[in-house]
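Engineer: protein_23.pdb is reproduced below (PDB, C-alpha atoms).
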ATOM      1  CA  MET Z   1      14.698  34.333-120.132
ATOM      2  CA  LYS Z   2      16.066  34.915-123.621
ATOM      3  CA  ASN Z   3      14.173  34.020-126.770
ATOM      4  CA  ARG Z   4      14.601  33.768-130.529
ATOM      5  CA  ILE Z   5      11.264  35.311-131.487
ATOM      6  CA  GLU Z   6      12.728  38.271-133.406
ATOM      7  CA  GLU Z   7      15.255  36.054-135.190
ATOM      8  CA  ILE Z   8      12.644  33.480-136.266
ATOM      9  CA  ARG Z   9      10.020  36.101-137.096
ATOM     10  CA  SER Z  10      12.423  38.154-139.240
ATOM     11  CA  ALA Z  11      13.712  35.050-141.018
ATOM     12  CA  ARG Z  12      10.133  34.212-142.005
ATOM     13  CA  GLY Z  13       9.264  37.782-143.000
ATOM     14  CA  ILE Z  14       6.499  38.126-140.453
ATOM     15  CA  ARG Z  15       5.749  41.596-139.085
ATOM     16  CA  GLN Z  16       5.258  42.190-135.363
ATOM     17  CA  GLU Z  17       1.666  43.294-136.013
ATOM     18  CA  GLU Z  18       0.891  40.045-137.822
ATOM     19  CA  LEU Z  19       2.403  37.874-135.098
ATOM     20  CA  ALA Z  20       0.560  39.895-132.455
ATOM     21  CA  ARG Z  21      -2.747  39.488-134.300
ATOM     22  CA  GLN Z  22      -2.239  35.744-134.649
ATOM     23  CA  MET Z  23      -1.405  35.428-130.940
ATOM     24  CA  GLY Z  24      -4.277  37.687-129.821
ATOM     25  CA  VAL Z  25      -1.919  40.095-128.065
ATOM     26  CA  SER Z  26      -0.835  43.678-128.689
ATOM     27  CA  ARG Z  27       2.166  44.606-130.861
ATOM     28  CA  GLN Z  28       3.771  46.115-127.731
ATOM     29  CA  THR Z  29       3.669  42.677-126.100
ATOM     30  CA  ILE Z  30       5.588  41.139-129.001
ATOM     31  CA  SER Z  31       8.062  44.021-128.875
ATOM     32  CA  SER Z  32       8.559  43.584-125.109
ATOM     33  CA  LEU Z  33       9.021  39.825-125.564
ATOM     34  CA  GLU Z  34      11.640  40.357-128.256
ATOM     35  CA  ASN Z  35      13.509  42.881-126.117
ATOM     36  CA  GLY Z  36      13.439  40.509-123.141
ATOM     37  CA  ARG Z  37      11.560  43.026-121.005
ATOM     38  CA  TYR Z  38       8.603  40.704-120.491
ATOM     39  CA  ASN Z  39       8.439  36.940-119.987
ATOM     40  CA  PRO Z  40       5.354  35.292-121.488
ATOM     41  CA  SER Z  41       2.916  32.989-119.747
ATOM     42  CA  ILE Z  42       3.363  29.300-120.544
ATOM     43  CA  LEU Z  43       0.208  29.507-122.695
ATOM     44  CA  LEU Z  44       1.551  32.369-124.834
ATOM     45  CA  ALA Z  45       4.965  30.699-125.084
ATOM     46  CA  TRP Z  46       3.251  27.536-126.290
ATOM     47  CA  LYS Z  47       1.116  29.467-128.814
ATOM     48  CA  ILE Z  48       4.176  31.268-130.217
ATOM     49  CA  ALA Z  49       6.164  28.024-130.501
ATOM     50  CA  LYS Z  50       3.199  26.301-132.159
ATOM     51  CA  PHE Z  51       2.765  29.212-134.587
ATOM     52  CA  PHE Z  52       6.405  28.799-135.679
ATOM     53  CA  GLY Z  53       6.024  25.003-135.806
ATOM     54  CA  MET Z  54       8.677  24.552-133.131
ATOM     55  CA  THR Z  55       8.912  23.460-129.514
ATOM     56  CA  ILE Z  56       9.025  25.921-126.611
ATOM     57  CA  GLU Z  57      12.665  24.959-125.997
ATOM     58  CA  ASP Z  58      13.519  25.907-129.599
ATOM     59  CA  VAL Z  59      12.114  29.416-129.185
ATOM     60  CA  PHE Z  60      12.770  30.210-125.531
ATOM     61  CA  ILE Z  61      16.142  29.822-123.881
ATOM     62  CA  PHE Z  62      15.919  29.199-120.157
ATOM     63  CA  GLU Z  63      18.877  30.456-118.150
ATOM     64  CA  GLU Z  64      19.261  29.745-114.457
ATOM     65  CA  GLU Z  65      20.045  32.965-112.583
TER
ATOM     66  CA  MET O  66     -16.354  44.364-123.481
ATOM     67  CA  TYR O  67     -18.974  47.095-124.126
ATOM     68  CA  ASP O  68     -22.163  45.141-123.473
ATOM     69  CA  ASN O  69     -25.739  46.306-122.912
ATOM     70  CA  LYS O  70     -25.195  46.475-119.140
ATOM     71  CA  ARG O  71     -22.437  49.040-119.628
ATOM     72  CA  LEU O  72     -24.564  50.995-122.100
ATOM     73  CA  PHE O  73     -27.446  51.183-119.618
ATOM     74  CA  LEU O  74     -25.024  52.259-116.889
ATOM     75  CA  SER O  75     -23.683  55.024-119.158
ATOM     76  CA  VAL O  76     -27.233  56.222-119.901
ATOM     77  CA  PHE O  77     -27.924  56.160-116.154
ATOM     78  CA  TRP O  78     -24.893  58.439-115.531
ATOM     79  CA  VAL O  79     -26.154  60.892-118.159
ATOM     80  CA  VAL O  80     -29.689  60.915-116.667
ATOM     81  CA  LEU O  81     -28.348  61.304-113.119
ATOM     82  CA  GLY O  82     -25.989  64.071-114.262
ATOM     83  CA  ALA O  83     -28.793  65.886-116.079
ATOM     84  CA  ALA O  84     -31.036  65.608-113.007
ATOM     85  CA  LEU O  85     -28.320  67.066-110.756
ATOM     86  CA  LEU O  86     -27.634  69.848-113.244
ATOM     87  CA  ILE O  87     -31.323  70.770-113.634
ATOM     88  CA  LEU O  88     -31.922  70.688-109.862
ATOM     89  CA  SER O  89     -28.912  72.965-109.347
ATOM     90  CA  VAL O  90     -29.887  75.420-112.094
ATOM     91  CA  THR O  91     -33.500  75.615-110.876
ATOM     92  CA  GLY O  92     -32.294  76.236-107.320
ATOM     93  CA  LYS O  93     -33.659  72.981-105.846
ATOM     94  CA  LEU O  94     -30.109  72.072-104.804
ATOM     95  CA  ASP O  95     -28.299  75.031-103.317
ATOM     96  CA  SER O  96     -24.745  74.245-104.351
ATOM     97  CA  THR O  97     -22.718  74.723-107.520
ATOM     98  CA  ARG O  98     -20.893  71.537-106.494
ATOM     99  CA  TYR O  99     -23.893  69.486-107.685
ATOM    100  CA  ALA O 100     -23.928  71.324-111.028
ATOM    101  CA  GLY O 101     -20.250  70.454-111.502
ATOM    102  CA  MET O 102     -20.883  66.867-110.474
ATOM    103  CA  GLY O 103     -23.804  66.692-112.914
ATOM    104  CA  GLY O 104     -21.706  68.101-115.746
ATOM    105  CA  GLY O 105     -18.964  65.583-115.003
ATOM    106  CA  LEU O 106     -21.391  62.666-114.972
ATOM    107  CA  ILE O 107     -22.934  63.773-118.288
ATOM    108  CA  ALA O 108     -19.478  64.051-119.888
ATOM    109  CA  VAL O 109     -18.358  60.621-118.616
ATOM    110  CA  GLY O 110     -21.670  59.021-119.631
ATOM    111  CA  LEU O 111     -21.608  60.519-123.138
ATOM    112  CA  LEU O 112     -17.980  59.460-123.642
ATOM    113  CA  GLN O 113     -18.813  55.902-122.582
ATOM    114  CA  ILE O 114     -21.866  55.823-124.869
ATOM    115  CA  ALA O 115     -19.765  57.072-127.803
ATOM    116  CA  ARG O 116     -17.146  54.372-127.136
ATOM    117  CA  ASN O 117     -19.851  51.736-126.768
ATOM    118  CA  LEU O 118     -21.466  52.660-130.095
ATOM    119  CA  ARG O 119     -18.097  52.769-131.871
ATOM    120  CA  TYR O 120     -17.272  49.354-130.400
ATOM    121  CA  ARG O 121     -20.508  47.950-131.846
ATOM    122  CA  ARG O 122     -20.162  49.555-135.284
ATOM    123  CA  ASP O 123     -16.409  49.499-135.983
ATOM    124  CA  PRO O 124     -14.953  45.936-136.245
ATOM    125  CA  ALA O 125     -11.329  47.214-136.273
ATOM    126  CA  TYR O 126     -11.929  49.241-133.099
ATOM    127  CA  ARG O 127     -13.665  46.234-131.509
ATOM    128  CA  GLU O 128     -10.667  44.000-132.283
ATOM    129  CA  LYS O 129      -8.276  46.642-130.903
ATOM    130  CA  ILE O 130     -10.241  47.002-127.635
ATOM    131  CA  ASP O 131     -10.701  43.232-127.211
ATOM    132  CA  THR O 132      -6.955  42.695-127.730
ATOM    133  CA  GLU O 133      -6.074  45.481-125.270
ATOM    134  CA  VAL O 134      -8.399  44.037-122.624
ATOM    135  CA  SER O 135      -7.326  40.410-123.000
ATOM    136  CA  ASP O 136      -3.622  41.075-123.693
ATOM    137  CA  GLU O 137      -1.658  39.266-120.968
ATOM    138  CA  ARG O 138       1.022  41.960-120.724
ATOM    139  CA  ASN O 139      -1.680  44.606-120.202
ATOM    140  CA  ARG O 140      -3.238  42.445-117.478
ATOM    141  CA  PHE O 141       0.198  42.064-115.873
ATOM    142  CA  LEU O 142       0.741  45.844-116.062
ATOM    143  CA  ARG O 143      -2.687  46.546-114.533
ATOM    144  CA  MET O 144      -1.975  44.182-111.622
ATOM    145  CA  LYS O 145       1.526  45.608-111.153
ATOM    146  CA  SER O 146       0.143  49.169-111.197
ATOM    147  CA  TRP O 147      -2.411  48.313-108.499
ATOM    148  CA  SER O 148       0.369  46.719-106.475
ATOM    149  CA  TRP O 149       2.552  49.850-106.772
ATOM    150  CA  ALA O 150      -0.421  52.097-106.006
ATOM    151  CA  GLY O 151      -1.052  50.071-102.829
ATOM    152  CA  TYR O 152       2.593  50.278-101.707
ATOM    153  CA  ILE O 153       2.771  54.023-102.430
ATOM    154  CA  THR O 154      -0.500  54.662-100.562
ATOM    155  CA  VAL O 155       0.555  52.711 -97.456
ATOM    156  CA  ILE O 156       3.972  54.384 -97.323
ATOM    157  CA  ALA O 157       2.597  57.897 -97.990
ATOM    158  CA  GLU O 158      -0.154  57.495 -95.387
ATOM    159  CA  GLY O 159       2.346  56.101 -92.864
ATOM    160  CA  ILE O 160       4.657  59.086 -93.365
ATOM    161  CA  ALA O 161       1.714  61.514 -93.226
ATOM    162  CA  ALA O 162       0.498  59.880 -89.982
ATOM    163  CA  ILE O 163       3.942  60.381 -88.402
ATOM    164  CA  VAL O 164       4.066  64.019 -89.576
ATOM    165  CA  ALA O 165       0.547  64.600 -88.208
ATOM    166  CA  ALA O 166       1.563  63.061 -84.862
ATOM    167  CA  VAL O 167       4.647  65.306 -84.674
ATOM    168  CA  LYS O 168       2.513  68.376 -85.467
ATOM    169  CA  GLY O 169      -0.013  67.392 -82.799
ATOM    170  CA  GLN O 170      -2.893  66.845 -85.230
ATOM    171  CA  GLU O 171      -4.391  63.886 -83.403
ATOM    172  CA  THR O 172      -7.555  63.470 -85.479
ATOM    173  CA  VAL O 173      -5.639  63.475 -88.776
ATOM    174  CA  GLN O 174      -3.069  61.082 -87.313
ATOM    175  CA  LEU O 175      -5.817  58.699 -86.129
ATOM    176  CA  VAL O 176      -7.643  58.710 -89.478
ATOM    177  CA  LEU O 177      -4.408  58.073 -91.393
ATOM    178  CA  SER O 178      -3.313  55.325 -88.975
ATOM    179  CA  TYR O 179      -6.681  53.576 -89.241
ATOM    180  CA  SER O 180      -6.490  53.881 -93.005
ATOM    181  CA  VAL O 181      -3.048  52.196 -93.035
ATOM    182  CA  CYS O 182      -4.395  49.440 -90.750
ATOM    183  CA  LEU O 183      -7.416  48.961 -93.039
ATOM    184  CA  LEU O 184      -5.205  48.670 -96.121
ATOM    185  CA  LEU O 185      -2.914  46.154 -94.415
ATOM    186  CA  ALA O 186      -5.913  44.146 -93.168
ATOM    187  CA  ALA O 187      -7.340  44.146 -96.718
ATOM    188  CA  TYR O 188      -3.968  42.893 -97.995
ATOM    189  CA  TYR O 189      -3.779  40.009 -95.482
ATOM    190  CA  ILE O 190      -7.430  38.996 -96.060
ATOM    191  CA  SER O 191      -6.895  39.098 -99.846
ATOM    192  CA  TYR O 192      -3.752  36.990 -99.436
ATOM    193  CA  LEU O 193      -5.607  34.398 -97.323
ATOM    194  CA  VAL O 194      -8.527  34.205 -99.770
ATOM    195  CA  LEU O 195      -6.261  33.977-102.828
ATOM    196  CA  SER O 196      -3.989  31.366-101.214
ATOM    197  CA  ARG O 197      -7.038  29.116-100.775
ATOM    198  CA  LYS O 198      -8.091  29.692-104.372
ATOM    199  CA  TYR O 199      -4.707  29.137-106.069
TER
END
Is it possible to give me this structure as structure tokens?
Structural biologist:
Amino acid sequence: MKNRIEEIRSARGIRQEELARQMGVSRQTISSLENGRYNPSILLAWKIAKFFGMTIEDVFIFEEE
Amino acid sequence: MYDNKRLFLSVFWVVLGAALLILSVTGKLDSTRYAGMGGGLIAVGLLQIARNLRYRRDPAYREKIDTEVSDERNRFLRMKSWSWAGYITVIAEGIAAIVAAVKGQETVQLVLSYSVCLLLAAYYISYLVLSRKY
């Protein structure tokens, strides 16, 4: 699953550490999410989308394999 | 994370380690193995106590530990690591059991085979229990 976390975060000038702290996860988790190495739980996806003031569909791009 | 229960457990390891060490040094236990075990327990206990105290006194460290423990990717990695460890153990023990059988080491082969069976039984029981829960 692709996502626009890095794009949205950078556009808003938010550092990975800050996003991680707000989400209650480690900076490595944010980095792995941005690189597409790790897919978040629905709860974390919802928290990230809510933090950006967007819907999950706006942040995460579901692609059927 | 580092609650009083863990602190008491750490103190218990130190006391147990000290007891083993003293009994070994005074000759009450006739093996250097117990002295080594005692030293190891003291070291582990002291390290845990130091971490526990730092966790209580340092808010930044507390936040870091709490995040590491609750972080969903870390939890995923811990579960995945256990899963890999299980696979590796079953495969390694299976291979070792075959090698032992070829070399005619019946006792070793039996122990390893039973161990593989035990691990597989534990897997199936865990699966049954978890499938009822989730």
Engineer: Using only C-alpha atoms, select each residue of chain O with any atom at most 8 Å away from an atom of chain Z, and give the selection as a list of chain:residue names.
Structural biologist: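 That gives O:Thr132, O:Glu133, O:Ser135, O:Asp136, O:Glu137, O:Arg138 for chain O.
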Engineer: What is the atom CA of O:Gly169-atom CA of O:Thr154 distance in Å, reported with one decimal?
Structural biologist: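 Result for atom CA of O:Gly169 versus atom CA of O:Thr154: 21.9 Å, one decimal.
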Engineer: Around stretch 162-177 of chain O, with edges along x, y and z and 6 Å added on all six sides, what centre and edge lengths do you get, in Å to one decimal, as lines of an AutoDock Vina configuration file?
Structural biologist:
center_x = -1.5
center_y = 63.2
center_z = -87.1
size_x = 24.3
size_y = 22.3
size_z = 20.6
Engineer: Would you list the contacts of stretch 46-59 of chain Z as a VMD selection string, taking every protein, DNA or RNA residue within 8 Å and counting only C-alpha atoms, but skipping same-chain residues closer than 2 positions in sequence?
Structural biologist: chain Z and resid 3 to 5 8 23 42 to 44 61 to 62
Engineer: Neighbours of Z:Glu7 within 12 Å (all atoms listed in the file; same-chain residues fewer than 5 positions away dropped), as a PyMOL selection string?
Structural biologist: chain Z and resi 2+12-16+34-35+52+58-60
Engineer: For the PyMOL selection byres ((chain O and resi 106) around 12), applied here, can you spell out every residue it catches as a PyMOL selection string?
Structural biologist: chain O and resi 74-86+99-105+107-113
Engineer: Atom CA of O:Leu195 to atom CA of O:Trp149: how many Å, to one decimal?
Structural biologist: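 Taking atom CA of O:Leu195 and atom CA of O:Trp149, their separation equals 18.6 Å.
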Engineer: In Å, with one decimal, what is the gap from atom CA of O:Lys129 to atom CA of O:Ser146?
Structural biologist: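 Taking atom CA of O:Lys129 and atom CA of O:Ser146, their separation equals 21.6 Å.
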Engineer: Counting only C-alpha atoms, which residue out of O:Ala165, O:Leu94, O:Leu184, O:Leu72 sits closest to O:Ala150?
Structural biologist: O:Leu184
Engineer: Taking the structure in the block just given, could you write stretch 174-199 of chain O with C-alpha atoms, as a PDB file, in the first residue's frame?
Structural biologist:
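Output contents, as saved in out08.pdb:
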ATOM      1  CA  GLN O 174      17.613 -38.486  17.799  1.00  0.00           C
ATOM      2  CA  LEU O 175      14.735 -39.327  20.174  1.00  0.00           C
ATOM      3  CA  VAL O 176      15.170 -36.160  22.256  1.00  0.00           C
ATOM      4  CA  LEU O 177      15.306 -33.971  19.136  1.00  0.00           C
ATOM      5  CA  SER O 178      12.296 -35.722  17.564  1.00  0.00           C
ATOM      6  CA  TYR O 179      10.240 -35.308  20.738  1.00  0.00           C
ATOM      7  CA  SER O 180      11.283 -31.677  20.884  1.00  0.00           C
ATOM      8  CA  VAL O 181      10.061 -31.110  17.297  1.00  0.00           C
ATOM      9  CA  CYS O 182       6.775 -32.871  18.155  1.00  0.00           C
ATOM     10  CA  LEU O 183       6.387 -30.712  21.283  1.00  0.00           C
ATOM     11  CA  LEU O 184       6.961 -27.511  19.309  1.00  0.00           C
ATOM     12  CA  LEU O 185       4.457 -28.543  16.634  1.00  0.00           C
ATOM     13  CA  ALA O 186       1.902 -29.535  19.292  1.00  0.00           C
ATOM     14  CA  ALA O 187       2.413 -26.146  20.993  1.00  0.00           C
ATOM     15  CA  TYR O 188       1.843 -24.450  17.621  1.00  0.00           C
ATOM     16  CA  TYR O 189      -1.426 -26.319  16.925  1.00  0.00           C
ATOM     17  CA  ILE O 190      -2.741 -25.764  20.482  1.00  0.00           C
ATOM     18  CA  SER O 191      -1.849 -22.051  20.268  1.00  0.00           C
ATOM     19  CA  TYR O 192      -3.604 -21.847  16.896  1.00  0.00           C
ATOM     20  CA  LEU O 193      -6.757 -23.503  18.289  1.00  0.00           C
ATOM     21  CA  VAL O 194      -6.825 -21.240  21.360  1.00  0.00           C
ATOM     22  CA  LEU O 195      -6.188 -18.072  19.337  1.00  0.00           C
ATOM     23  CA  SER O 196      -8.768 -18.995  16.678  1.00  0.00           C
ATOM     24  CA  ARG O 197     -11.410 -19.152  19.425  1.00  0.00           C
ATOM     25  CA  LYS O 198     -10.284 -15.811  20.821  1.00  0.00           C
ATOM     26  CA  TYR O 199     -10.092 -13.842  17.544  1.00  0.00           C
TER      27      TYR O 199
END
